[in-house]
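The structure appears right after this line, and notes come after that.
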Amino acid sequence: MSKFVENLQCVICPGMTALTSTAYSRDLGDELRRLREHHSGMTGAAFADRLGWDASKVSNIEKGKARASEIDLVQYVMLCGKGSEFFEEFRTRYRYAFDLNVVQVHDNIRTLAMAEAMATKIVTYDVLTFPGLIQTESYAHSLFTEHGQPPELVERNLRARMDRQATMRRPDRPECLFFVHELALQLRVGDDRVMEDQYLQLLFNTHVLRIVPISAGVALATRSARMLFSFAKAEPLVYTENEVAMVFSQDPAVVRENKEFFAWLERHALDAEQSRSMLANYVSGPRRDPHEPRTDLA
C-alpha cells in the first residue's frame, strides 16, 4: 500500500474538497459506505481512526458531500482489502461524481433508485408508457419482453423495477405527481388483462395522476419523458433517458427549464378529477369493440 500511495503522490494529491452533492456523488459515496461495512466490519468512526482522519471526513465522503482526493480513495479502498484494479475502476467513475451533468449506461440504476428514495417530491412526464414507479408487474414484464430483451435480462430488469417501487410504499414516501399522455393509455402493452390491471393500478393506487389529452396538441406528444426530483437537503435533479443512456442533470439552467415545462404542463393537462374520469372510461376499454362509439373528455 505504501508504494502505491507514493506513486500516486507523484501525480496528484489535492485535499478533500467540499462541494454541492449530486445524485452520482451520493450513489458512489454510498457504494464506499457499503464497501466499508461489508469488507472492514468497522464503524465509520473506527475506520476514520485507522486512517488518521476525522470521523466527519468519512461521513462526508460516504454521503457524497465532499470530493475525496485520489490519495484518500486509495487509502480507503485498500483498508477495505481492495487492490489497485478495483481502485482504478472506481477512480474512473469517481472523477465524474460531482459533475452537474452525468450520462450513464442502463446497466446501472443505483443512481436513479437512490434519487427516488431520497426525494421529497417527484414530478414525472411520460408519453408512450406509464411511469416505472407505478407500473404493475405484468405491465412491466410485457414491456420488457416486447422490447426484445432476452429472458434473463427481462427478469433482472423486472426485479429492479419492482424493488424501486418500495419507495412508494413507505410511510414517508415522496409526494408524487404523475403527468401521463393519453397516448400511453391507448398504446396496448401485453393482453387485455395486463392493460386493465394497469388502468386499475392508476385509478386506485396513484398519488396524483394528471392526464395530458390528445386534444392538447402534437407539441406535448413530442416532448420527451422526464423526471424532476426535489430533496430536503440537496439541489433539484432532472432525469431523462433514451434507448442509449440515462442522463442526470443538476445544471441550474436545465432545472429551471424543466420547472417551467411542468408549470406549462399544469395548464394543458386535465385536473385530477377529470383524469380519473377519463381513466375510468379506459378501464373496460380493452374488451370493447374498437369500432364501438365511446365518449371521452375533450
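Residues in the C-alpha cells are numbered from 1 in each chain, the chains being A, B, ... in the order shown, and ligands are numbered from 1 in the order shown.
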
Q | Exercise: range 92-103 of chain A partners within 9 Å, only C-alpha atoms, chain neighbours under 2 positions left out, as an NGL selection string | A | :A and (19-28 or 64 or 66-67 or 87-90 or 105 or 245-252)

Applying 10 Å and only C-alpha atoms, which residues near Arg173 in chain A remain after dropping the ones on its own chain fewer than 5 positions away? List them as a PDB file with all heavy atoms, in the first residue's frame.
ATOM      1  N   GLU A 116     -34.801   8.455  -6.209  1.00  0.00           N
ATOM      2  CA  GLU A 116     -36.206   8.216  -5.880  1.00  0.00           C
ATOM      3  C   GLU A 116     -36.397   8.014  -4.377  1.00  0.00           C
ATOM      4  O   GLU A 116     -37.361   8.501  -3.790  1.00  0.00           O
ATOM      5  CB  GLU A 116     -36.704   6.987  -6.644  1.00  0.00           C
ATOM      6  CG  GLU A 116     -36.815   7.218  -8.147  1.00  0.00           C
ATOM      7  CD  GLU A 116     -37.062   5.952  -8.925  1.00  0.00           C
ATOM      8  OE1 GLU A 116     -36.795   4.846  -8.404  1.00  0.00           O
ATOM      9  OE2 GLU A 116     -37.514   6.059 -10.090  1.00  0.00           O
ATOM     10  N   ALA A 117     -35.456   7.301  -3.759  1.00  0.00           N
ATOM     11  CA  ALA A 117     -35.573   7.007  -2.332  1.00  0.00           C
ATOM     12  C   ALA A 117     -35.357   8.246  -1.462  1.00  0.00           C
ATOM     13  O   ALA A 117     -35.946   8.373  -0.393  1.00  0.00           O
ATOM     14  CB  ALA A 117     -34.578   5.922  -1.947  1.00  0.00           C
ATOM     15  N   MET A 118     -34.501   9.172  -1.910  1.00  0.00           N
ATOM     16  CA  MET A 118     -34.168  10.351  -1.120  1.00  0.00           C
ATOM     17  C   MET A 118     -35.099  11.534  -1.368  1.00  0.00           C
ATOM     18  O   MET A 118     -35.154  12.465  -0.568  1.00  0.00           O
ATOM     19  CB  MET A 118     -32.728  10.798  -1.421  1.00  0.00           C
ATOM     20  CG  MET A 118     -31.653   9.870  -0.911  1.00  0.00           C
ATOM     21  SD  MET A 118     -30.006  10.517  -1.297  1.00  0.00           S
ATOM     22  CE  MET A 118     -30.025  12.091  -0.433  1.00  0.00           C
ATOM     23  N   ALA A 119     -35.834  11.512  -2.465  1.00  0.00           N
ATOM     24  CA  ALA A 119     -36.626  12.668  -2.874  1.00  0.00           C
ATOM     25  C   ALA A 119     -37.772  12.962  -1.904  1.00  0.00           C
ATOM     26  O   ALA A 119     -38.343  12.058  -1.302  1.00  0.00           O
ATOM     27  CB  ALA A 119     -37.187  12.454  -4.276  1.00  0.00           C
ATOM     28  N   THR A 120     -38.076  14.234  -1.757  1.00  0.00           N
ATOM     29  CA  THR A 120     -39.269  14.641  -1.010  1.00  0.00           C
ATOM     30  C   THR A 120     -40.444  14.859  -1.966  1.00  0.00           C
ATOM     31  O   THR A 120     -41.598  14.778  -1.570  1.00  0.00           O
ATOM     32  CB  THR A 120     -39.019  15.942  -0.231  1.00  0.00           C
ATOM     33  OG1 THR A 120     -38.556  16.956  -1.150  1.00  0.00           O
ATOM     34  CG2 THR A 120     -37.953  15.726   0.842  1.00  0.00           C
ATOM     35  N   LYS A 121     -40.121  15.129  -3.246  1.00  0.00           N
ATOM     36  CA  LYS A 121     -41.157  15.310  -4.262  1.00  0.00           C
ATOM     37  C   LYS A 121     -40.625  14.820  -5.607  1.00  0.00           C
ATOM     38  O   LYS A 121     -39.472  15.063  -5.946  1.00  0.00           O
ATOM     39  CB  LYS A 121     -41.579  16.778  -4.373  1.00  0.00           C
ATOM     40  CG  LYS A 121     -42.717  17.010  -5.366  1.00  0.00           C
ATOM     41  CD  LYS A 121     -43.196  18.457  -5.361  1.00  0.00           C
ATOM     42  CE  LYS A 121     -44.363  18.669  -6.312  1.00  0.00           C
ATOM     43  NZ  LYS A 121     -44.865  20.064  -6.298  1.00  0.00           N
ATOM     44  N   ALA A 166     -40.617   0.071  -3.868  1.00  0.00           N
ATOM     45  CA  ALA A 166     -40.695   0.061  -2.399  1.00  0.00           C
ATOM     46  C   ALA A 166     -40.760   1.485  -1.860  1.00  0.00           C
ATOM     47  O   ALA A 166     -41.366   1.736  -0.805  1.00  0.00           O
ATOM     48  CB  ALA A 166     -39.489  -0.679  -1.817  1.00  0.00           C
ATOM     49  N   THR A 167     -40.163   2.418  -2.576  1.00  0.00           N
ATOM     50  CA  THR A 167     -40.214   3.826  -2.187  1.00  0.00           C
ATOM     51  C   THR A 167     -41.653   4.316  -2.060  1.00  0.00           C
ATOM     52  O   THR A 167     -41.976   5.124  -1.189  1.00  0.00           O
ATOM     53  CB  THR A 167     -39.467   4.688  -3.234  1.00  0.00           C
ATOM     54  OG1 THR A 167     -38.077   4.348  -3.211  1.00  0.00           O
ATOM     55  CG2 THR A 167     -39.622   6.170  -2.962  1.00  0.00           C
ATOM     56  N   MET A 168     -42.542   3.799  -2.911  1.00  0.00           N
ATOM     57  CA  MET A 168     -43.933   4.250  -2.918  1.00  0.00           C
ATOM     58  C   MET A 168     -44.739   3.671  -1.762  1.00  0.00           C
ATOM     59  O   MET A 168     -45.842   4.140  -1.477  1.00  0.00           O
ATOM     60  CB  MET A 168     -44.590   3.859  -4.251  1.00  0.00           C
ATOM     61  CG  MET A 168     -43.888   4.399  -5.476  1.00  0.00           C
ATOM     62  SD  MET A 168     -43.952   6.193  -5.547  1.00  0.00           S
ATOM     63  CE  MET A 168     -45.678   6.455  -5.886  1.00  0.00           C
TER      64      MET A 168
END

Q.
Set the distance at 10 Å and use only C-alpha atoms: which residues neighbour Asp191 in chain A once local chain neighbours fewer than 5 positions away are removed? I'd like the list as a VMD selection string.
A. chain A and resid 138 to 139 142 196 286

Q: Can you check which residues of range 128-218 of chain A DSSP gives as strand (DSSP E) on the backbone and send them as an NGL selection string?
A: :A and (175-181 or 208-212)

(Q) Just want the 12 Å neighbourhood of range 147-154 of chain A, counted on only C-alpha atoms, with same-chain residues fewer than 6 positions away dropped. Output as a ChimeraX atom specification. (A) /A:106-107,137-138,140-141,160-161,189-190,243

File of the preceding selection, C-alpha atoms, as an mmCIF file, in the first residue's frame:
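Okay, this is what ended up in out-v5.cif:
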data_model
loop_
_atom_site.group_PDB
_atom_site.id
_atom_site.type_symbol
_atom_site.label_atom_id
_atom_site.label_comp_id
_atom_site.auth_asym_id
_atom_site.auth_seq_id
_atom_site.Cartn_x
_atom_site.Cartn_y
_atom_site.Cartn_z
ATOM 1 C CA HIS A 106 -28.677 1.382 -18.465
ATOM 2 C CA ASP A 107 -26.800 -1.323 -16.559
ATOM 3 C CA GLU A 137 -45.505 -6.249 -12.612
ATOM 4 C CA SER A 138 -47.353 -7.756 -15.566
ATOM 5 C CA ALA A 140 -43.502 -4.047 -16.847
ATOM 6 C CA HIS A 141 -42.852 -7.677 -17.813
ATOM 7 C CA ALA A 160 -35.076 -3.965 -10.249
ATOM 8 C CA ARG A 161 -38.194 -2.039 -11.287
ATOM 9 C CA VAL A 189 -48.847 -3.450 -23.841
ATOM 10 C CA GLY A 190 -49.467 -7.153 -23.250
ATOM 11 C CA GLU A 243 -32.511 3.670 -25.591
#

Q) When DSSP works through the backbone of this structure, what residues of range 64-183 of chain A end up as helix (DSSP H, G or I), shown as JSON, numbers by chain? A) {"A": [70, 71, 72, 73, 74, 75, 76, 77, 78, 79, 84, 85, 86, 87, 88, 89, 90, 91, 92, 93, 94, 110, 111, 112, 113, 114, 115, 116, 117, 118, 132, 133, 134, 137, 138, 139, 140, 141, 142, 143, 144, 145, 146, 151, 152, 153, 154, 155, 156, 157, 158, 159, 160, 161, 162, 163, 164, 165, 166, 167, 168, 169, 182, 183]}

Mind dumping the selected residues with C-alpha atoms as a PDB file, in the first residue's frame?
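The result, written out as part_37.pdb:
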ATOM      1  CA  GLU A  70      -7.026  10.172  -5.041  1.00  0.00           C
ATOM      2  CA  ILE A  71      -4.854   9.532  -2.004  1.00  0.00           C
ATOM      3  CA  ASP A  72      -7.950   9.452   0.183  1.00  0.00           C
ATOM      4  CA  LEU A  73      -9.596   6.973  -2.165  1.00  0.00           C
ATOM      5  CA  VAL A  74      -6.658   4.601  -2.392  1.00  0.00           C
ATOM      6  CA  GLN A  75      -6.253   4.588   1.373  1.00  0.00           C
ATOM      7  CA  TYR A  76      -9.954   3.986   1.797  1.00  0.00           C
ATOM      8  CA  VAL A  77     -10.320   1.082  -0.659  1.00  0.00           C
ATOM      9  CA  MET A  78      -7.107  -0.607   0.464  1.00  0.00           C
ATOM     10  CA  LEU A  79      -8.163  -0.542   4.106  1.00  0.00           C
ATOM     11  CA  SER A  84      -5.180  -1.405  -7.469  1.00  0.00           C
ATOM     12  CA  GLU A  85      -7.507  -2.942 -10.073  1.00  0.00           C
ATOM     13  CA  PHE A  86     -10.598  -2.089  -8.007  1.00  0.00           C
ATOM     14  CA  PHE A  87      -9.212   1.360  -7.248  1.00  0.00           C
ATOM     15  CA  GLU A  88      -8.609   2.165 -10.922  1.00  0.00           C
ATOM     16  CA  GLU A  89     -12.140   1.114 -11.875  1.00  0.00           C
ATOM     17  CA  PHE A  90     -13.698   3.149  -9.053  1.00  0.00           C
ATOM     18  CA  ARG A  91     -11.498   6.176  -9.725  1.00  0.00           C
ATOM     19  CA  THR A  92     -12.635   6.196 -13.376  1.00  0.00           C
ATOM     20  CA  ARG A  93     -16.228   6.595 -12.214  1.00  0.00           C
ATOM     21  CA  TYR A  94     -15.482   8.868  -9.266  1.00  0.00           C
ATOM     22  CA  ARG A 110     -28.476   2.701  -8.444  1.00  0.00           C
ATOM     23  CA  THR A 111     -28.217   6.447  -9.000  1.00  0.00           C
ATOM     24  CA  LEU A 112     -31.844   6.645 -10.123  1.00  0.00           C
ATOM     25  CA  ALA A 113     -33.063   4.380  -7.320  1.00  0.00           C
ATOM     26  CA  MET A 114     -31.243   6.478  -4.706  1.00  0.00           C
ATOM     27  CA  ALA A 115     -32.697   9.690  -6.128  1.00  0.00           C
ATOM     28  CA  GLU A 116     -36.206   8.216  -5.880  1.00  0.00           C
ATOM     29  CA  ALA A 117     -35.573   7.007  -2.332  1.00  0.00           C
ATOM     30  CA  MET A 118     -34.168  10.351  -1.120  1.00  0.00           C
ATOM     31  CA  GLY A 132     -41.910   2.896 -13.800  1.00  0.00           C
ATOM     32  CA  LEU A 133     -42.829   3.745 -10.209  1.00  0.00           C
ATOM     33  CA  ILE A 134     -46.498   2.900 -10.819  1.00  0.00           C
ATOM     34  CA  GLU A 137     -45.505  -6.249 -12.612  1.00  0.00           C
ATOM     35  CA  SER A 138     -47.353  -7.756 -15.566  1.00  0.00           C
ATOM     36  CA  TYR A 139     -47.234  -4.455 -17.490  1.00  0.00           C
ATOM     37  CA  ALA A 140     -43.502  -4.047 -16.847  1.00  0.00           C
ATOM     38  CA  HIS A 141     -42.852  -7.677 -17.813  1.00  0.00           C
ATOM     39  CA  SER A 142     -44.757  -7.269 -21.075  1.00  0.00           C
ATOM     40  CA  LEU A 143     -42.957  -4.008 -21.791  1.00  0.00           C
ATOM     41  CA  PHE A 144     -39.503  -5.550 -21.329  1.00  0.00           C
ATOM     42  CA  THR A 145     -40.472  -8.658 -23.314  1.00  0.00           C
ATOM     43  CA  GLU A 146     -41.883  -6.678 -26.229  1.00  0.00           C
ATOM     44  CA  PRO A 151     -35.378 -13.742 -20.633  1.00  0.00           C
ATOM     45  CA  GLU A 152     -32.539 -13.326 -18.130  1.00  0.00           C
ATOM     46  CA  LEU A 153     -32.380  -9.579 -18.789  1.00  0.00           C
ATOM     47  CA  VAL A 154     -36.166  -9.277 -18.579  1.00  0.00           C
ATOM     48  CA  GLU A 155     -36.122 -10.928 -15.164  1.00  0.00           C
ATOM     49  CA  ARG A 156     -33.268  -8.748 -13.875  1.00  0.00           C
ATOM     50  CA  ASN A 157     -34.856  -5.510 -15.085  1.00  0.00           C
ATOM     51  CA  LEU A 158     -38.267  -6.549 -13.783  1.00  0.00           C
ATOM     52  CA  ARG A 159     -36.940  -7.270 -10.280  1.00  0.00           C
ATOM     53  CA  ALA A 160     -35.076  -3.965 -10.249  1.00  0.00           C
ATOM     54  CA  ARG A 161     -38.194  -2.039 -11.287  1.00  0.00           C
ATOM     55  CA  MET A 162     -40.369  -3.739  -8.686  1.00  0.00           C
ATOM     56  CA  ASP A 163     -37.720  -3.182  -5.981  1.00  0.00           C
ATOM     57  CA  ARG A 164     -37.659   0.537  -6.809  1.00  0.00           C
ATOM     58  CA  GLN A 165     -41.383   0.729  -6.088  1.00  0.00           C
ATOM     59  CA  ALA A 166     -40.695   0.061  -2.399  1.00  0.00           C
ATOM     60  CA  THR A 167     -40.214   3.826  -2.187  1.00  0.00           C
ATOM     61  CA  MET A 168     -43.933   4.250  -2.918  1.00  0.00           C
ATOM     62  CA  ARG A 169     -44.938   2.012  -0.009  1.00  0.00           C
ATOM     63  CA  GLU A 182     -53.312   9.871 -23.239  1.00  0.00           C
ATOM     64  CA  LEU A 183     -51.253   8.019 -25.846  1.00  0.00           C
TER      65      LEU A 183
END

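Remark: for Glu235 in chain A, the closest of the candidate residues A:Lys65, A:Arg36, A:His268, A:Arg223 is A:Lys65 (distances computed over only C-alpha atoms).
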
Q.
So that I can check the surroundings of Glu273 in chain A, please list as a count of residues only every protein, DNA and RNA residue that reaches within 12 Å of it, counting only C-alpha atoms and ignoring chain neighbours fewer than 2 positions away.
A. 15

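Proximity to Leu51 in chain A was assessed for A:Cys80, A:Ala232, A:Met227, A:Val218 counting only C-alpha atoms; the smallest distance is recorded for A:Cys80.
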